[in-house]
$ cat target.cif   # mmCIF, C-alpha atoms and all ligand atoms
data_coords
#
loop_
_atom_site.label_atom_id
_atom_site.label_comp_id
_atom_site.auth_asym_id
_atom_site.auth_seq_id
_atom_site.Cartn_x
_atom_site.Cartn_y
_atom_site.Cartn_z
CA MET Q 19 183.55 53.46 59.28
CA SER Q 20 186.68 54.66 57.55
CA ALA Q 21 188.95 56.93 59.57
CA PRO Q 22 189.55 59.80 59.96
CA PHE Q 23 186.09 60.91 60.97
CA ARG Q 24 187.17 63.96 62.95
CA LEU Q 25 186.78 67.18 61.00
CA PRO Q 26 189.90 69.35 60.94
CA THR Q 27 189.55 72.66 62.77
CA ARG Q 28 190.38 76.14 61.57
CA GLU Q 29 190.94 78.96 64.07
CA VAL Q 30 189.76 82.26 62.63
CA ALA Q 31 191.15 85.47 64.14
CA LYS Q 32 188.56 88.23 64.33
CA VAL Q 33 188.64 91.81 65.55
CA TRP Q 34 185.74 90.87 67.83
CA GLY Q 35 187.30 87.58 69.00
CA CYS Q 36 188.81 86.61 72.35
CA ASP Q 37 192.41 86.12 73.47
CA ALA Q 38 191.35 83.62 76.14
CA LEU Q 39 189.10 80.76 75.11
CA PRO Q 40 187.35 78.21 77.31
CA ALA Q 41 188.85 74.70 77.41
CA PRO Q 42 189.43 72.67 75.33
CA PHE Q 43 190.16 75.60 73.04
CA ALA Q 44 193.12 77.96 73.30
CA ALA Q 45 194.01 81.08 71.36
CA PRO Q 46 197.62 81.34 70.15
CA ALA Q 47 199.49 84.09 72.02
CA GLY Q 48 198.60 87.53 70.76
CA GLU Q 49 195.66 86.38 68.65
CA ARG Q 50 192.00 87.15 69.11
CA ILE Q 51 190.19 84.04 67.97
CA GLY Q 52 186.56 84.61 67.09
CA GLU Q 53 185.65 81.36 65.41
CA ILE Q 54 186.67 77.70 65.48
CA TRP Q 55 185.49 76.10 62.24
CA PHE Q 56 185.13 72.40 61.60
CA GLU Q 57 186.11 72.12 57.96
CA PRO Q 58 183.16 70.60 56.11
CA ALA Q 59 183.72 67.25 54.44
CA LEU Q 60 181.75 64.40 52.96
CA PRO Q 61 179.37 62.93 53.85
CA VAL Q 62 178.06 66.24 55.26
CA ALA Q 63 179.67 68.74 52.89
CA GLY Q 64 176.77 71.16 52.98
CA LEU Q 65 176.98 72.07 56.68
CA LEU Q 66 179.53 74.13 58.56
CA ALA Q 67 179.72 73.94 62.36
CA LYS Q 68 181.56 76.62 64.33
CA TYR Q 69 182.14 77.81 67.84
CA LEU Q 70 182.00 81.60 68.20
CA PHE Q 71 183.62 83.54 71.06
CA THR Q 72 182.94 87.27 71.22
CA SER Q 73 184.48 90.18 73.08
CA GLU Q 74 182.99 92.90 70.87
CA LYS Q 75 180.02 93.25 68.55
CA LEU Q 76 180.05 91.47 65.21
CA SER Q 77 179.14 93.55 62.18
CA VAL Q 78 175.51 94.32 61.40
CA GLN Q 79 175.14 91.89 58.56
CA VAL Q 80 172.93 89.70 56.41
CA HIS Q 81 173.35 86.56 54.32
CA PRO Q 82 171.75 85.60 50.99
CA SER Q 83 169.51 82.61 50.32
CA ASP Q 84 170.49 79.81 47.93
CA ALA Q 85 168.56 81.61 45.20
CA GLN Q 86 170.26 84.95 45.92
CA ALA Q 87 173.81 83.64 46.32
CA PRO Q 88 176.25 84.03 43.42
CA ALA Q 89 176.00 81.21 40.85
CA GLY Q 90 177.35 77.92 42.13
CA MET Q 91 177.41 79.03 45.76
CA ARG Q 92 175.14 78.20 48.66
CA GLY Q 93 173.20 80.75 50.63
CA LYS Q 94 173.60 80.90 54.37
CA GLU Q 95 170.89 80.09 56.87
CA GLU Q 96 172.25 79.67 60.36
CA CYS Q 97 171.33 78.61 63.85
CA TRP Q 98 172.91 79.64 67.14
CA LEU Q 99 172.89 77.77 70.43
CA VAL Q 100 174.17 79.96 73.27
CA LEU Q 101 176.61 78.01 75.46
CA ASP Q 102 177.68 80.83 77.73
CA ALA Q 103 176.63 84.42 78.18
CA GLU Q 104 178.05 87.12 80.41
CA PRO Q 105 175.36 88.92 82.42
CA GLY Q 106 173.51 91.33 80.14
CA ALA Q 107 174.89 89.83 76.93
CA SER Q 108 172.65 90.31 73.94
CA LEU Q 109 172.42 89.85 70.22
CA ALA Q 110 170.42 91.66 67.58
CA ILE Q 111 168.05 89.96 65.15
CA GLY Q 112 165.53 91.77 62.95
CA PHE Q 113 164.13 95.27 63.36
CA ASP Q 114 161.89 96.78 66.04
CA GLN Q 115 159.74 98.29 63.26
CA PRO Q 116 159.43 97.41 59.56
CA ILE Q 117 161.93 99.43 57.53
CA GLY Q 118 162.31 99.95 53.77
CA PRO Q 119 165.54 99.68 51.77
CA GLU Q 120 166.23 103.40 51.50
CA ALA Q 121 165.72 104.01 55.22
CA MET Q 122 167.89 100.95 55.94
CA ARG Q 123 170.62 102.34 53.68
CA ALA Q 124 170.55 105.69 55.46
CA ALA Q 125 170.60 103.99 58.88
CA ALA Q 126 173.54 101.80 57.83
CA LEU Q 127 175.44 104.84 56.59
CA ASP Q 128 174.96 106.89 59.75
CA GLY Q 129 175.18 103.95 62.17
CA SER Q 130 171.68 104.35 63.58
CA ILE Q 131 170.88 100.86 62.25
CA GLU Q 132 172.37 99.49 65.45
CA GLN Q 133 169.56 101.07 67.48
CA LEU Q 134 166.84 100.07 65.00
CA LEU Q 135 167.63 96.38 65.45
CA THR Q 136 165.94 94.34 68.15
CA TRP Q 137 168.51 93.41 70.80
CA HIS Q 138 167.61 90.18 72.58
CA LYS Q 139 169.06 89.55 76.04
CA VAL Q 140 170.39 86.01 76.02
CA GLN Q 141 171.43 83.24 78.36
CA ARG Q 142 172.87 79.76 78.12
CA GLY Q 143 170.49 77.49 76.25
CA ASP Q 144 168.89 80.10 73.98
CA VAL Q 145 168.47 78.93 70.39
CA PHE Q 146 167.90 81.15 67.34
CA TYR Q 147 167.26 80.12 63.74
CA LEU Q 148 168.10 82.83 61.22
CA PRO Q 149 166.60 82.52 57.76
CA ALA Q 150 168.62 84.08 54.96
CA GLY Q 151 167.82 87.79 54.68
CA THR Q 152 167.62 88.30 58.45
CA VAL Q 153 169.66 91.33 59.51
CA HIS Q 154 171.63 90.53 62.66
CA ALA Q 155 174.61 91.31 64.88
CA ILE Q 156 175.99 89.19 67.70
CA GLY Q 157 177.02 91.08 70.83
CA PRO Q 158 180.06 90.71 73.11
CA GLY Q 159 180.43 88.27 76.01
CA LEU Q 160 179.06 85.22 74.25
CA ALA Q 161 180.15 81.69 73.46
CA LEU Q 162 177.90 79.90 71.04
CA VAL Q 163 177.72 77.07 68.56
CA GLU Q 164 176.70 78.07 65.07
CA ILE Q 165 175.44 75.47 62.63
CA GLN Q 166 175.04 76.96 59.18
CA GLN Q 167 174.87 76.11 55.52
CA ASN Q 168 178.40 75.68 54.23
CA SER Q 169 178.78 79.18 52.86
CA ASP Q 170 180.99 82.10 53.80
CA ILE Q 171 178.92 84.88 52.26
CA THR Q 172 178.39 87.74 54.70
CA TYR Q 173 177.23 91.14 53.51
CA ARG Q 174 178.13 93.81 56.07
CA LEU Q 175 175.82 96.78 56.47
CA TYR Q 176 177.62 98.49 59.33
CA ASP Q 177 180.79 97.82 61.30
CA TYR Q 178 180.91 100.58 63.99
CA GLY Q 179 183.61 102.46 62.07
CA ARG Q 180 186.04 99.53 62.06
CA PRO Q 181 188.16 99.52 58.92
CA ARG Q 182 186.63 96.40 57.38
CA GLU Q 183 184.89 96.22 54.03
CA LEU Q 184 181.15 96.91 53.86
CA HIS Q 185 178.83 95.43 51.23
CA LEU Q 186 175.90 97.81 51.37
CA ASP Q 187 174.36 97.28 47.94
CA ALA Q 188 174.61 93.49 48.13
CA ALA Q 189 173.20 93.56 51.67
CA LEU Q 190 170.28 95.80 50.78
CA ALA Q 191 169.42 93.53 47.85
CA VAL Q 192 168.75 90.61 50.21
CA ALA Q 193 167.92 92.19 53.60
CA GLN Q 194 164.45 91.86 55.05
CA GLY Q 195 163.41 95.01 56.89
CA ALA Q 196 161.21 93.06 59.26
CA PRO Q 197 160.95 92.09 62.93
CA TYR Q 198 162.29 88.67 63.90
CA ASP Q 199 159.68 85.92 64.09
CA PRO Q 200 159.60 84.86 67.77
CA ALA Q 201 158.67 81.32 66.69
CA LEU Q 202 162.27 80.97 65.48
CA ARG Q 203 163.61 81.42 69.00
CA GLY Q 204 163.75 78.59 71.53
CA HIS Q 205 165.40 77.60 74.76
CA VAL Q 206 166.88 74.33 76.02
CA ASP Q 207 167.96 73.45 79.55
CA PHE Q 208 170.36 70.65 78.55
CA THR Q 209 168.51 68.12 80.70
CA ARG Q 210 166.59 66.30 77.96
CA SER Q 211 167.03 65.40 74.32
CA GLN Q 212 165.05 67.49 71.89
CA ARG Q 213 164.96 68.72 68.31
CA LEU Q 214 166.19 72.30 68.10
CA VAL Q 215 165.72 72.91 64.38
CA SER Q 216 163.48 71.11 61.86
CA GLY Q 217 164.51 72.82 58.64
CA PRO Q 218 164.24 74.13 56.08
CA LYS Q 219 167.96 73.62 55.40
CA PHE Q 220 169.02 71.33 58.23
CA THR Q 221 167.91 69.62 61.40
CA ILE Q 222 169.65 69.96 64.74
CA ASP Q 223 169.07 67.65 67.67
CA LEU Q 224 170.33 68.08 71.20
CA VAL Q 225 171.18 64.64 72.54
CA VAL Q 226 171.26 64.23 76.31
CA GLY Q 227 172.23 60.74 77.40
CA THR Q 228 172.53 57.69 75.18
CA ALA Q 229 169.25 57.61 73.22
CA LYS Q 230 169.82 58.43 69.54
CA PRO Q 231 167.73 60.99 67.68
CA ASP Q 232 165.72 60.07 64.60
CA VAL Q 233 168.34 61.01 62.04
CA PRO Q 234 168.47 58.38 59.29
CA GLY Q 235 171.47 59.45 57.21
CA PRO Q 236 174.74 61.41 57.25
CA CYS Q 237 175.16 63.92 60.04
CA LEU Q 238 177.57 65.95 62.12
CA VAL Q 239 178.17 64.80 65.69
CA MET Q 240 179.45 67.43 68.16
CA PRO Q 241 179.87 66.38 71.79
CA LEU Q 242 179.36 69.43 74.01
CA GLU Q 243 179.93 67.63 77.31
CA GLY Q 244 181.35 64.14 77.69
CA LYS Q 245 182.64 61.97 74.88
CA ALA Q 246 180.90 60.15 72.07
CA THR Q 247 182.32 56.93 70.68
CA ILE Q 248 182.35 56.34 66.96
CA ASP Q 249 183.10 52.79 65.89
CA GLY Q 250 185.17 52.42 69.03
CA SER Q 251 187.11 55.69 68.72
CA GLU Q 252 186.48 58.50 71.13
CA LEU Q 253 185.28 61.91 70.03
CA GLU Q 254 185.84 64.54 72.71
CA ALA Q 255 183.84 67.60 73.65
CA GLY Q 256 185.06 70.40 71.38
CA GLU Q 257 185.51 68.06 68.41
CA CYS Q 258 183.15 67.37 65.53
CA ALA Q 259 182.77 64.36 63.24
CA ALA Q 260 180.93 63.81 59.98
CA VAL Q 261 179.43 60.31 59.90
CA ALA Q 262 177.44 58.37 57.31
CA SER Q 263 174.91 57.39 59.96
CA LEU Q 264 174.48 57.20 63.70
CA SER Q 265 174.68 53.40 63.65
CA GLY Q 266 178.27 53.29 64.95
CA VAL Q 267 177.84 56.21 67.35
CA GLN Q 268 177.46 55.79 71.12
CA PHE Q 269 176.60 58.87 73.15
CA ALA Q 270 177.87 59.27 76.73
CA PRO Q 271 175.31 58.48 79.46
CA ALA Q 272 176.09 61.70 81.31
CA GLY Q 273 176.97 63.83 78.30
CA CYS Q 274 175.25 65.99 75.76
CA ALA Q 275 175.90 66.46 72.08
CA LEU Q 276 174.53 68.08 68.96
CA VAL Q 277 173.59 66.14 65.84
CA ALA Q 278 173.05 68.14 62.65
CA ALA Q 279 171.86 66.80 59.31
CA GLU Q 280 171.38 68.47 55.94
CA LEU Q 281 167.94 68.58 54.40
CA GLY Q 282 167.14 68.72 50.70
O1 LIG Q 301 181.64 90.25 59.53
P1 LIG Q 301 181.96 89.74 60.89
O2 LIG Q 301 181.59 90.73 61.96
O3 LIG Q 301 183.34 89.23 61.05
O4 LIG Q 301 180.99 88.51 61.12
C1 LIG Q 301 181.04 87.36 60.29
C2 LIG Q 301 180.55 86.19 61.06
O5 LIG Q 301 179.20 86.41 61.46
C3 LIG Q 301 178.47 85.19 61.33
O6 LIG Q 301 177.71 85.26 60.14
C4 LIG Q 301 177.56 84.99 62.51
O7 LIG Q 301 176.54 85.97 62.47
C5 LIG Q 301 179.55 84.13 61.17
O8 LIG Q 301 179.12 82.95 60.57
C6 LIG Q 301 180.54 84.89 60.30
O9 LIG Q 301 181.78 84.31 60.17
#

$ encode --input "target.cif" --output "structure tokens" --more "lines below"
Ligand SMILES: O=P(O)(O)OC[C@H]1O[C@](O)(CO)[C@@H](O)[C@@H]1O
Amino acid sequence: MSAPFRLPTREVAKVWGCDALPAPFAAPAGERIGEIWFEPALPVAGLLAKYLFTSEKLSVQVHPSDAQAPAGMRGKEECWLVLDAEPGASLAIGFDQPIGPEAMRAAALDGSIEQLLTWHKVQRGDVFYLPAGTVHAIGPGLALVEIQQNSDITYRLYDYGRPRELHLDAALAVAQGAPYDPALRGHVDFTRSQRLVSGPKFTIDLVVGTAKPDVPGPCLVMPLEGKATIDGSELEAGECAAVASLSGVQFAPAGCALVAAELG
């Protein structure tokens, strides 16, 4: 395979980010890093993988679908795998009760939307798939991997009074005022390989040990623990590569990794 296969990283400072990151990451002095992006590239240009580190709540937000995104842009479906959670850490997905657009607008304006969302207590190994249109907010005290469509369209409904831009009309045009489907939540214990997500926009496999998942084409490879070897070159935990196939990839016997592939 032609080098370089490692995707370049981008550290994104966020008001809700952390000034101390777990190894192998490190925040530059004085910066609160919320996200480490792996810049998408061929042959997997449609997927964006990130690590997220939170010390405060993210905005209450929603993303559009492919059909709802501005012309020429992708929508944003996303999946989270929780790597670490402080005791009591939680994240919000969907609403406790169905809610219409006007009530959602009023709740976003007065901040009560935060209490109308369903806050899920989380722990290491929890997995959530978020279809476009799902209203959500990630809480503090979390480290997670996010695999998402390669899109940076976030419509904020509420930001706890922080001085960041809101996008209420755009958000209300795509937001589903519905409870979260519990079938979209899972849990892994990192002891065995398994498929975490089977579509509709991408697949994600957790690989524990050396056996390769059934992923026939281009994919992202993200070692979480231990190294993977790609055509003889080592890929460390905390790195991510885009490969044309898994044929040249060797997973570590005692490691675990994520493999993500675009669908459609
Ligand atoms: O608007 P905020 O709070 O910075 O959150 C944006 C972030 O939230 C996420 O959509 C995760 O929910 C990230 O992909 C995105 O960068």

$ closest_atom_pairs --input "target.cif" --of "chain Q" --to "ligand LIG 301 (chain Q)" --cutoff "7 Å" --atoms "all atoms listed in the file" --output "JSON lines"
{"residue": "Q:Lys32", "atom": "CA", "partner": "Q:LIG301", "partner_atom": "O3", "distance": 6.2}
{"residue": "Q:Leu76", "atom": "CA", "partner": "Q:LIG301", "partner_atom": "O2", "distance": 3.7}
{"residue": "Q:Ser77", "atom": "CA", "partner": "Q:LIG301", "partner_atom": "O2", "distance": 3.7}
{"residue": "Q:Gln79", "atom": "CA", "partner": "Q:LIG301", "partner_atom": "O1", "distance": 6.8}
{"residue": "Q:His154", "atom": "CA", "partner": "Q:LIG301", "partner_atom": "O7", "distance": 6.7}
{"residue": "Q:Ala155", "atom": "CA", "partner": "Q:LIG301", "partner_atom": "O7", "distance": 6.2}
{"residue": "Q:Ile156", "atom": "CA", "partner": "Q:LIG301", "partner_atom": "O7", "distance": 6.2}
{"residue": "Q:Asp170", "atom": "CA", "partner": "Q:LIG301", "partner_atom": "O9", "distance": 6.8}
{"residue": "Q:Thr172", "atom": "CA", "partner": "Q:LIG301", "partner_atom": "O6", "distance": 6.0}
{"residue": "Q:Arg174", "atom": "CA", "partner": "Q:LIG301", "partner_atom": "O1", "distance": 6.1}

$ closest_residue --input "target.cif" --among "Q:Pro241, Q:Asp207, Q:Gln133, Q:Ala31" --to "Q:Leu253" --atoms "all atoms listed in the file"
Q:Pro241

$ closest_residue --input "target.cif" --among "Q:Thr27, Q:Ser251, Q:Thr221, Q:Gln212" --to "Q:Leu238" --atoms "only C-alpha atoms"
Q:Thr221

$ closest_residue --input "target.cif" --among "Q:Leu160, Q:Ala44, Q:Phe23, Q:Gln115" --to "Q:Lys75" --atoms "all atoms listed in the file"
Q:Leu160

$ closest_atom_pairs --input "target.cif" --of "stretch 94-182 of chain Q" --to "stretch 190-203 of chain Q" --cutoff "10 Å" --atoms "all atoms listed in the file" --output "tab-separated table"
residue	atom	partner	partner_atom	distance
Q:Cys97	CA	Q:Leu202	CA	9.5
Q:Trp98	CA	Q:Arg203	CA	9.6
Q:Ala110	CA	Q:Tyr198	CA	9.4
Q:Ile111	CA	Q:Tyr198	CA	6.0
Q:Gly112	CA	Q:Tyr198	CA	4.6
Q:Phe113	CA	Q:Pro197	CA	4.5
Q:Asp114	CA	Q:Pro197	CA	5.7
Q:Gln115	CA	Q:Pro197	CA	6.3
Q:Pro116	CA	Q:Ala196	CA	4.7
Q:Ile117	CA	Q:Gly195	CA	4.7
Q:Gly118	CA	Q:Gly195	CA	5.9
Q:Pro119	CA	Q:Leu190	CA	6.2
Q:Glu120	CA	Q:Leu190	CA	8.6
Q:Ala121	CA	Q:Gly195	CA	9.4
Q:Met122	CA	Q:Gly195	CA	7.5
Q:Arg123	CA	Q:Leu190	CA	7.2
Q:Ala126	CA	Q:Leu190	CA	9.8
Q:Leu135	CA	Q:Pro197	CA	8.3
Q:Thr136	CA	Q:Pro197	CA	7.6
Q:Asp144	CA	Q:Arg203	CA	7.4
Q:Val145	CA	Q:Arg203	CA	5.6
Q:Phe146	CA	Q:Arg203	CA	4.6
Q:Tyr147	CA	Q:Leu202	CA	5.4
Q:Leu148	CA	Q:Leu202	CA	7.5
Q:Pro149	CA	Q:Leu202	CA	9.0
Q:Ala150	CA	Q:Val192	CA	8.1
Q:Gly151	CA	Q:Ala193	CA	4.5
Q:Thr152	CA	Q:Gln194	CA	5.9
Q:Val153	CA	Q:Ala193	CA	6.2
Q:His154	CA	Q:Tyr198	CA	9.6
Q:Tyr173	CA	Q:Leu190	CA	8.8
Q:Arg174	CA	Q:Leu190	CA	9.7
Q:Leu175	CA	Q:Leu190	CA	8.0

$ write_last_selection --input "target.cif" --atoms "C-alpha atoms" --output "JSON list (two decimals), in the coordinates of the input"
[["chain", "number", "residue", "atom", "x", "y", "z"],
["Q", 97, "CYS", "CA", 171.33, 78.61, 63.85],
["Q", 98, "TRP", "CA", 172.91, 79.64, 67.14],
["Q", 110, "ALA", "CA", 170.42, 91.66, 67.58],
["Q", 111, "ILE", "CA", 168.05, 89.96, 65.15],
["Q", 112, "GLY", "CA", 165.53, 91.77, 62.95],
["Q", 113, "PHE", "CA", 164.13, 95.27, 63.36],
["Q", 114, "ASP", "CA", 161.89, 96.78, 66.04],
["Q", 115, "GLN", "CA", 159.74, 98.29, 63.26],
["Q", 116, "PRO", "CA", 159.43, 97.41, 59.56],
["Q", 117, "ILE", "CA", 161.93, 99.43, 57.53],
["Q", 118, "GLY", "CA", 162.31, 99.95, 53.77],
["Q", 119, "PRO", "CA", 165.54, 99.68, 51.77],
["Q", 120, "GLU", "CA", 166.23, 103.40, 51.50],
["Q", 121, "ALA", "CA", 165.72, 104.01, 55.22],
["Q", 122, "MET", "CA", 167.89, 100.95, 55.94],
["Q", 123, "ARG", "CA", 170.62, 102.34, 53.68],
["Q", 126, "ALA", "CA", 173.54, 101.80, 57.83],
["Q", 135, "LEU", "CA", 167.63, 96.38, 65.45],
["Q", 136, "THR", "CA", 165.94, 94.34, 68.15],
["Q", 144, "ASP", "CA", 168.89, 80.10, 73.98],
["Q", 145, "VAL", "CA", 168.47, 78.93, 70.39],
["Q", 146, "PHE", "CA", 167.90, 81.15, 67.34],
["Q", 147, "TYR", "CA", 167.26, 80.12, 63.74],
["Q", 148, "LEU", "CA", 168.10, 82.83, 61.22],
["Q", 149, "PRO", "CA", 166.60, 82.52, 57.76],
["Q", 150, "ALA", "CA", 168.62, 84.08, 54.96],
["Q", 151, "GLY", "CA", 167.82, 87.79, 54.68],
["Q", 152, "THR", "CA", 167.62, 88.30, 58.45],
["Q", 153, "VAL", "CA", 169.66, 91.33, 59.51],
["Q", 154, "HIS", "CA", 171.63, 90.53, 62.66],
["Q", 173, "TYR", "CA", 177.23, 91.14, 53.51],
["Q", 174, "ARG", "CA", 178.13, 93.81, 56.07],
["Q", 175, "LEU", "CA", 175.82, 96.78, 56.47]]

$ atom_distance --input "target.cif" --atom1 "atom CA of Q:Ala67" --atom2 "atom CA of Q:Pro181"
27.2 Å

$ atom_distance --input "target.cif" --atom1 "atom CA of Q:Phe220" --atom2 "atom CA of Q:Leu60"
15.4 Å

$ atom_distance --input "target.cif" --atom1 "atom CA of Q:Ala259" --atom2 "atom CA of Q:Leu66"
11.3 Å

$ residues_around --input "target.cif" --residues "Q:Glu104" --least-positions-apart "5" --cutoff "12 Å" --atoms "only C-alpha atoms" --output "list in words"
Phe71, Thr72, Ser73, Leu109, Lys139, Val140, Gln141, Arg142, Gly157, Pro158, Gly159, Leu160, Ala161 and Leu162 of chain Q
